[in-house]
Amino acid sequence: MSLTVDGVEVKLSNNNILGSGSAPWFDWTTFTMGYADLSAGEHTIVLKFVKLSCNVDYLKLDVMSYGSYSDTDVTLAASGTTKYELENIDCTQCLINTRSDFVPAVGAGNCGKGSGRIYGYADGSIFRVVVTVEQACTLEIKLAGFGGTALNAQQYYFGGTEIIPAGGVKLGSGAVAEGLVGTVTVAEAGTYVFEFTSGGGTDLDYVSFTVVE
């Protein structure tokens with residue numbers, strides 16, 4: 001099945017499995033489909049069955065966090081590179097699909113943190129870093145971690161503008177390595193959100209922002 005919000009497809013979480021075909025029709029199963037960031041106002045949600053149909057009881061919307069972003073994680077004032085260590089990330093500003101084996105330790109909606117990295121989350125998790133830019137510039141954004149993940153298998157946005165990494169760029173396998181997410185032009189000073197998804201099995205270390213112009 002597919003899920004769209006205002007015409008934009010939502011990446012489904014990896015636990016989107018309904019009851020098996022051998023189960024009775026009344027054996028209801030619930031699952032988390034995914035996450036979306038909504039502005040104030042009206043929105044249209046479309047659930048589409050692509051291959052098979054099934055009985056559906058209800059669609060539940062849980063508010064994970066509410067309000068605007070008030071705190072800045074990174075301030076970019078001039079040329080140079082600034083690293084943001086992801087173990088400092090505010091999970092309340094993210095939409096984290098906690099891996100089931102980590103829920104007892106960290107609680108739903110959180111991820112594991114330690115040894116300079118974050119881990120213990122499942123596919124479809126959305127991470128946000130609030131960035132204040134003090135002047136118009138061009139930014140080069142990199143993500144560091146390990147798990148052998150292809151960067152272009154995930155989604156990245158800066159200030160609502162999608163960034164698509166080049167094919168073949170991967171994070172480290174067994175050791176931390178840095179991969180280029182891409183370059184974005186910031187037209188004016190202000191506060192922006194760098195938002196990205198990441199897949200289960202990936203440990204993330206930091207995000208780096210380099211002012212190249």
# chains A, B, ... in the order shown; residues from 1 in each chain; ligands from 1

$ select_by_dssp --residues "range 1-205 of chain A" --states "helix (DSSP H, G or I)" --output "number ranges by chain"
A: 86-88, 91-93, 103-106, 151-153

$ write_last_selection --atoms "C-alpha atoms" --output "PDB file, in the first residue's frame"
ATOM      1  CA  LEU A  86      23.951  13.670  16.616  1.00  0.00           C
ATOM      2  CA  GLU A  87      24.013  12.253  20.146  1.00  0.00           C
ATOM      3  CA  ASN A  88      23.011  15.804  21.152  1.00  0.00           C
ATOM      4  CA  CYS A  91      14.369  13.572  20.109  1.00  0.00           C
ATOM      5  CA  THR A  92      11.219  15.565  20.903  1.00  0.00           C
ATOM      6  CA  GLN A  93      11.776  17.529  17.662  1.00  0.00           C
ATOM      7  CA  VAL A 103      11.765   0.322  23.501  1.00  0.00           C
ATOM      8  CA  PRO A 104      12.247  -1.204  27.001  1.00  0.00           C
ATOM      9  CA  ALA A 105      15.547   0.653  27.430  1.00  0.00           C
ATOM     10  CA  VAL A 106      14.891   4.073  25.866  1.00  0.00           C
ATOM     11  CA  LEU A 151      22.748   7.748   1.182  1.00  0.00           C
ATOM     12  CA  ASN A 152      20.410   8.015  -1.798  1.00  0.00           C
ATOM     13  CA  ALA A 153      18.175   5.325  -0.257  1.00  0.00           C
TER      14      ALA A 153
END

$ residues_around --residues "range 161-170 of chain A" --least-positions-apart "5" --cutoff "6 Å" --atoms "only C-alpha atoms" --output "list in words"
Gly148, Thr149, Ala150, Leu151, Asn152, Tyr156, Val181 and Gly182 of chain A

$ write_last_selection --atoms "N, CA and C atoms" --output "PDB file, in the first residue's frame"
ATOM      1  N   GLY A 148      26.976   0.750   6.228  1.00  0.00           N
ATOM      2  CA  GLY A 148      27.010   0.460   4.799  1.00  0.00           C
ATOM      3  C   GLY A 148      25.813   0.983   4.039  1.00  0.00           C
ATOM      4  N   THR A 149      25.105   1.957   4.617  1.00  0.00           N
ATOM      5  CA  THR A 149      23.877   2.473   4.018  1.00  0.00           C
ATOM      6  C   THR A 149      24.167   3.368   2.817  1.00  0.00           C
ATOM      7  N   ALA A 150      23.425   3.170   1.737  1.00  0.00           N
ATOM      8  CA  ALA A 150      23.505   4.068   0.588  1.00  0.00           C
ATOM      9  C   ALA A 150      22.742   5.345   0.914  1.00  0.00           C
ATOM     10  N   LEU A 151      23.384   6.487   0.796  1.00  0.00           N
ATOM     11  CA  LEU A 151      22.748   7.748   1.182  1.00  0.00           C
ATOM     12  C   LEU A 151      21.522   8.045   0.332  1.00  0.00           C
ATOM     13  N   ASN A 152      21.548   7.675  -0.947  1.00  0.00           N
ATOM     14  CA  ASN A 152      20.410   8.015  -1.798  1.00  0.00           C
ATOM     15  C   ASN A 152      19.214   7.085  -1.582  1.00  0.00           C
ATOM     16  N   TYR A 156      16.342  13.669   2.189  1.00  0.00           N
ATOM     17  CA  TYR A 156      16.987  14.793   2.871  1.00  0.00           C
ATOM     18  C   TYR A 156      16.347  16.101   2.403  1.00  0.00           C
ATOM     19  N   VAL A 181      25.957  14.431   1.328  1.00  0.00           N
ATOM     20  CA  VAL A 181      24.526  14.467   1.058  1.00  0.00           C
ATOM     21  C   VAL A 181      24.262  15.324  -0.167  1.00  0.00           C
ATOM     22  N   GLY A 182      24.883  16.526  -0.190  1.00  0.00           N
ATOM     23  CA  GLY A 182      24.718  17.405  -1.335  1.00  0.00           C
ATOM     24  C   GLY A 182      24.972  18.844  -0.965  1.00  0.00           C
TER      25      GLY A 182
END

$ select_by_dssp --residues "range 41-201 of chain A" --states "strand (DSSP E)" --output "JSON list (two decimals) with C-alpha atoms, in the first residue's frame"
[["chain", "number", "residue", "atom", "x", "y", "z"],
["A", 45, "ILE", "CA", -4.24, 12.00, 3.55],
["A", 46, "VAL", "CA", -4.66, 9.27, 0.93],
["A", 47, "LEU", "CA", -4.23, 5.57, 1.69],
["A", 48, "LYS", "CA", -3.98, 3.46, -1.46],
["A", 74, "VAL", "CA", 23.86, 24.93, 14.76],
["A", 75, "THR", "CA", 24.79, 28.55, 13.93],
["A", 76, "LEU", "CA", 26.71, 29.22, 10.72],
["A", 80, "GLY", "CA", 34.38, 26.89, 7.35],
["A", 81, "THR", "CA", 32.94, 23.60, 8.59],
["A", 82, "THR", "CA", 30.70, 23.11, 11.62],
["A", 83, "LYS", "CA", 29.93, 19.64, 12.93],
["A", 84, "TYR", "CA", 26.80, 18.77, 14.88],
["A", 85, "GLU", "CA", 27.18, 15.62, 16.98],
["A", 112, "GLY", "CA", 19.82, 4.85, 21.74],
["A", 113, "LYS", "CA", 22.71, 7.24, 22.40],
["A", 114, "GLY", "CA", 26.26, 6.39, 23.34],
["A", 117, "ARG", "CA", 26.51, 8.09, 18.03],
["A", 118, "ILE", "CA", 22.79, 7.32, 17.84],
["A", 119, "TYR", "CA", 21.23, 3.94, 17.03],
["A", 125, "SER", "CA", 12.55, 7.64, 11.39],
["A", 126, "ILE", "CA", 12.85, 11.37, 10.76],
["A", 127, "PHE", "CA", 15.66, 13.41, 12.34],
["A", 128, "ARG", "CA", 15.76, 17.21, 12.46],
["A", 129, "VAL", "CA", 18.63, 19.64, 13.07],
["A", 130, "VAL", "CA", 17.75, 23.33, 13.41],
["A", 131, "VAL", "CA", 20.30, 25.52, 11.63],
["A", 132, "THR", "CA", 20.62, 29.31, 11.86],
["A", 133, "VAL", "CA", 22.43, 30.88, 8.91],
["A", 137, "CYS", "CA", 25.57, 31.23, 1.32],
["A", 138, "THR", "CA", 26.05, 27.86, -0.34],
["A", 139, "LEU", "CA", 26.17, 24.92, 2.05],
["A", 140, "GLU", "CA", 27.78, 21.55, 1.60],
["A", 141, "ILE", "CA", 26.14, 18.98, 3.88],
["A", 142, "LYS", "CA", 27.70, 15.65, 4.89],
["A", 143, "LEU", "CA", 26.49, 12.83, 7.12],
["A", 144, "ALA", "CA", 28.80, 10.49, 9.01],
["A", 145, "GLY", "CA", 28.02, 7.04, 10.37],
["A", 146, "PHE", "CA", 28.33, 3.36, 9.62],
["A", 156, "TYR", "CA", 16.99, 14.79, 2.87],
["A", 157, "TYR", "CA", 15.53, 18.31, 3.03],
["A", 158, "PHE", "CA", 16.99, 21.68, 3.95],
["A", 161, "THR", "CA", 14.10, 21.85, -0.42],
["A", 162, "GLU", "CA", 14.92, 18.23, -1.22],
["A", 163, "ILE", "CA", 18.58, 17.23, -1.59],
["A", 177, "ALA", "CA", 32.81, 7.24, 7.33],
["A", 178, "GLU", "CA", 31.54, 10.54, 5.95],
["A", 179, "GLY", "CA", 29.31, 10.79, 2.89],
["A", 180, "LEU", "CA", 28.27, 13.85, 0.89],
["A", 181, "VAL", "CA", 24.53, 14.47, 1.06],
["A", 182, "GLY", "CA", 24.72, 17.40, -1.33],
["A", 183, "THR", "CA", 24.91, 21.15, -1.74],
["A", 184, "VAL", "CA", 22.15, 23.68, -1.14],
["A", 185, "THR", "CA", 21.88, 27.40, -1.83],
["A", 186, "VAL", "CA", 20.59, 29.48, 1.07],
["A", 190, "GLY", "CA", 17.39, 32.87, 8.80],
["A", 191, "THR", "CA", 16.59, 29.65, 10.66],
["A", 192, "TYR", "CA", 16.12, 26.46, 8.66],
["A", 193, "VAL", "CA", 15.52, 22.79, 9.42],
["A", 194, "PHE", "CA", 17.75, 20.07, 8.01],
["A", 195, "GLU", "CA", 15.51, 17.01, 8.01],
["A", 196, "PHE", "CA", 16.45, 13.52, 6.96],
["A", 197, "THR", "CA", 15.28, 9.93, 7.22],
["A", 198, "SER", "CA", 17.53, 7.02, 7.99]]

$ closest_residue --among "A:Phe49, A:Tyr58, A:Ala36, A:Tyr121" --to "Val10 in chain A" --atoms "only C-alpha atoms"
A:Ala36

$ atom_distance --atom1 "CA of Arg99 in chain A" --atom2 "CA of Ala122 in chain A"
5.1 Å

$ atom_distance --atom1 "CA of Ala187 in chain A" --atom2 "CA of Asp73 in chain A"
19.9 Å

$ residues_around --residues "range 41-44 of chain A" --least-positions-apart "5" --cutoff "12 Å" --atoms "only C-alpha atoms" --output "list of chain:residue names"
A:Leu3, A:Thr4, A:Val5, A:Asp6, A:Gly7, A:Val8, A:Glu9, A:Ala36

$ atom_distance --atom1 "CA of Asn55 in chain A" --atom2 "CA of Thr98 in chain A"
26.7 Å

$ decode --residues "range 155-166 of chain A" --atoms "N, CA and C atoms" --output "PDB file, in the first residue's frame"
ATOM      1  N   GLN A 155      15.885  10.119   2.453  1.00  0.00           N
ATOM      2  CA  GLN A 155      15.414  11.426   1.999  1.00  0.00           C
ATOM      3  C   GLN A 155      16.041  12.536   2.846  1.00  0.00           C
ATOM      4  N   TYR A 156      16.342  13.669   2.189  1.00  0.00           N
ATOM      5  CA  TYR A 156      16.987  14.793   2.871  1.00  0.00           C
ATOM      6  C   TYR A 156      16.347  16.101   2.403  1.00  0.00           C
ATOM      7  N   TYR A 157      16.110  17.005   3.355  1.00  0.00           N
ATOM      8  CA  TYR A 157      15.529  18.310   3.032  1.00  0.00           C
ATOM      9  C   TYR A 157      16.238  19.386   3.859  1.00  0.00           C
ATOM     10  N   PHE A 158      16.476  20.510   3.229  1.00  0.00           N
ATOM     11  CA  PHE A 158      16.986  21.680   3.949  1.00  0.00           C
ATOM     12  C   PHE A 158      16.043  22.827   3.659  1.00  0.00           C
ATOM     13  N   GLY A 159      15.388  23.319   4.701  1.00  0.00           N
ATOM     14  CA  GLY A 159      14.425  24.394   4.506  1.00  0.00           C
ATOM     15  C   GLY A 159      13.302  24.014   3.564  1.00  0.00           C
ATOM     16  N   GLY A 160      12.945  22.735   3.533  1.00  0.00           N
ATOM     17  CA  GLY A 160      11.878  22.264   2.660  1.00  0.00           C
ATOM     18  C   GLY A 160      12.309  21.900   1.255  1.00  0.00           C
ATOM     19  N   THR A 161      13.574  22.181   0.901  1.00  0.00           N
ATOM     20  CA  THR A 161      14.102  21.847  -0.421  1.00  0.00           C
ATOM     21  C   THR A 161      14.769  20.480  -0.376  1.00  0.00           C
ATOM     22  N   GLU A 162      14.352  19.579  -1.240  1.00  0.00           N
ATOM     23  CA  GLU A 162      14.919  18.232  -1.219  1.00  0.00           C
ATOM     24  C   GLU A 162      16.343  18.226  -1.772  1.00  0.00           C
ATOM     25  N   ILE A 163      17.200  17.440  -1.136  1.00  0.00           N
ATOM     26  CA  ILE A 163      18.575  17.230  -1.586  1.00  0.00           C
ATOM     27  C   ILE A 163      18.711  15.755  -1.932  1.00  0.00           C
ATOM     28  N   ILE A 164      19.182  15.442  -3.123  1.00  0.00           N
ATOM     29  CA  ILE A 164      19.303  14.050  -3.559  1.00  0.00           C
ATOM     30  C   ILE A 164      20.785  13.708  -3.710  1.00  0.00           C
ATOM     31  N   PRO A 165      21.311  12.830  -2.853  1.00  0.00           N
ATOM     32  CA  PRO A 165      22.727  12.455  -2.954  1.00  0.00           C
ATOM     33  C   PRO A 165      23.015  11.702  -4.248  1.00  0.00           C
ATOM     34  N   ALA A 166      24.243  11.761  -4.663  1.00  0.00           N
ATOM     35  CA  ALA A 166      24.673  11.015  -5.852  1.00  0.00           C
ATOM     36  C   ALA A 166      24.626   9.516  -5.558  1.00  0.00           C
TER      37      ALA A 166
END
